[in-house]
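Colleague: Before we start, here is the structure in question, set down as structure tokens.
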Amino acid sequence: MRITRTRTLAAHLKRGGLIAYPTESCYGFGCDPANRRAVQRILKLKQRPQKKGLILIAASYPQVARYLQPLTLAEQHKLQADGAQAITWLMPVKPSCPRWLRGAHDTLAVRMTAHPFARNLCRSAGRALVSTSANRSGQRAVKTYAECRRMFGKSVWVLRGRVGKRKRPSTIKVWGGDRIVRS
């Protein structure tokens with residue numbers, strides 16, 4: 001991303017703006033996870049109950065460390081390596097982790113994204129981002145820029161990019177084991 005666009009994007013997110021961007025399998029909605037109003041706007045746009053919780057994507061562990069119980073260096077490396085396989089982990093949170101992110105759970109869904117566009121987006125924003133499929137609950141996820149613009153362009157800033165080759169959403173596992181919640 002160009003420097004001007006990076007600054008504009010960071011300012012948009014800081015003001016509570018919503019974005020739509022390509023991920024491993026579809027377009028995703030995103031915002032600053034620390035901005036409660038922005039998260040609530042995404043939930044309303046998706047017609048998704050807050051109790052379900054959301055996924056955060058990040059380019060590196062420090063971007064999610066403020067929300068999670070501390071990890072050893074080996075655990076940080078595992079989290080990063082599993083991102084290449086599109087594994088989202090349900091991880092233990094610090095007591096300060098907001099309910100608007102984790103919903104009714106004592107865990108937070110976190111993925112170190114290996115998708116080049118999404119990873120660079122987190123780097124440009126300087127933070128983790130909310131990442132939830134660009135669709136209304138129960139409907140199929142949007143796969144193209146044009147479709148996303150047509151459906152949500154007035155509500156979110158749709159970023160042009162290429163969706164990854166995965167046919168299905170990320171696998172969700174419980175941290176500390178291999179129990180699969182979604183495959």
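Residue numbering restarts at 1 for every chain of the structure tokens, chains are lettered A, B, ... in their displayed order, and ligands are numbered from 1 as they appear.
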DSSP says strand (DSSP E) for which residues of stretch 40-108 of chain A? Put them as JSON, numbers by chain?
Modeller: {"A": [55, 56, 57, 58, 87, 88, 89, 90, 91, 92, 107, 108]}
Colleague: Would you pick out the contacts of A:Val110 at 9 Å or less, using only C-alpha atoms, so that residues sharing its chain but fewer than 3 positions from it are not included, and give the list as a list in words?
Modeller: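 What passes the distance filter is Leu54, Ile55, Leu56, Ile57, Ala58, Val64, Leu79, Ile87, Thr88, Trp89, Leu90 and Met91 of chain A.
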Colleague: To one decimal place in Å, what is the distance between atom CA of A:Val156 and atom CA of A:Arg127?
Modeller: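 Calculated distance between atom CA of A:Val156 and atom CA of A:Arg127 is 18.6 Å.
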Colleague: Identify, on the basis of only C-alpha atoms, every residue whose closest approach to A:Leu18 does not exceed 9 Å; exclude the query and any residue fewer than 6 positions from it along the same chain; express the result as JSON, numbers by chain.
Modeller: {"A": [12, 29, 30, 31, 32, 38, 39, 41, 42, 155, 156, 157, 158]}
Colleague: Save the residues we just selected, N, CA and C atoms, as a PDB file, in the first residue's frame?
Modeller:
ATOM      1  N   HIS A  12      -9.150   6.223   8.894  1.00  0.00           N
ATOM      2  CA  HIS A  12     -10.514   5.711   8.723  1.00  0.00           C
ATOM      3  C   HIS A  12     -10.851   4.718   9.848  1.00  0.00           C
ATOM      4  N   PHE A  29     -15.374  -8.427   6.557  1.00  0.00           N
ATOM      5  CA  PHE A  29     -15.600  -7.117   7.165  1.00  0.00           C
ATOM      6  C   PHE A  29     -14.565  -6.943   8.255  1.00  0.00           C
ATOM      7  N   GLY A  30     -14.090  -5.717   8.407  1.00  0.00           N
ATOM      8  CA  GLY A  30     -13.131  -5.452   9.456  1.00  0.00           C
ATOM      9  C   GLY A  30     -13.286  -4.070  10.041  1.00  0.00           C
ATOM     10  N   CYS A  31     -12.684  -3.913  11.215  1.00  0.00           N
ATOM     11  CA  CYS A  31     -12.638  -2.625  11.900  1.00  0.00           C
ATOM     12  C   CYS A  31     -11.587  -2.725  12.996  1.00  0.00           C
ATOM     13  N   ASP A  32     -11.397  -1.635  13.698  1.00  0.00           N
ATOM     14  CA  ASP A  32     -10.504  -1.594  14.844  1.00  0.00           C
ATOM     15  C   ASP A  32     -11.190  -2.349  15.989  1.00  0.00           C
ATOM     16  N   ALA A  38     -17.629   0.662  16.330  1.00  0.00           N
ATOM     17  CA  ALA A  38     -17.348   0.066  15.012  1.00  0.00           C
ATOM     18  C   ALA A  38     -17.711  -1.417  15.012  1.00  0.00           C
ATOM     19  N   VAL A  39     -17.347  -2.129  16.084  1.00  0.00           N
ATOM     20  CA  VAL A  39     -17.686  -3.554  16.181  1.00  0.00           C
ATOM     21  C   VAL A  39     -19.205  -3.726  16.172  1.00  0.00           C
ATOM     22  N   ARG A  41     -21.378  -1.804  14.820  1.00  0.00           N
ATOM     23  CA  ARG A  41     -21.877  -1.523  13.462  1.00  0.00           C
ATOM     24  C   ARG A  41     -21.700  -2.741  12.555  1.00  0.00           C
ATOM     25  N   ILE A  42     -20.579  -3.450  12.694  1.00  0.00           N
ATOM     26  CA  ILE A  42     -20.376  -4.673  11.906  1.00  0.00           C
ATOM     27  C   ILE A  42     -21.412  -5.725  12.294  1.00  0.00           C
ATOM     28  N   SER A 155     -21.920   1.208   3.124  1.00  0.00           N
ATOM     29  CA  SER A 155     -21.708   1.017   4.558  1.00  0.00           C
ATOM     30  C   SER A 155     -20.245   0.843   4.938  1.00  0.00           C
ATOM     31  N   VAL A 156     -19.428   0.380   3.995  1.00  0.00           N
ATOM     32  CA  VAL A 156     -18.030   0.072   4.286  1.00  0.00           C
ATOM     33  C   VAL A 156     -17.140   0.568   3.146  1.00  0.00           C
ATOM     34  N   TRP A 157     -15.869   0.767   3.458  1.00  0.00           N
ATOM     35  CA  TRP A 157     -14.876   1.083   2.442  1.00  0.00           C
ATOM     36  C   TRP A 157     -14.386  -0.257   1.905  1.00  0.00           C
ATOM     37  N   VAL A 158     -14.745  -0.576   0.671  1.00  0.00           N
ATOM     38  CA  VAL A 158     -14.373  -1.852   0.061  1.00  0.00           C
ATOM     39  C   VAL A 158     -13.010  -1.694  -0.610  1.00  0.00           C
TER      40      VAL A 158
END
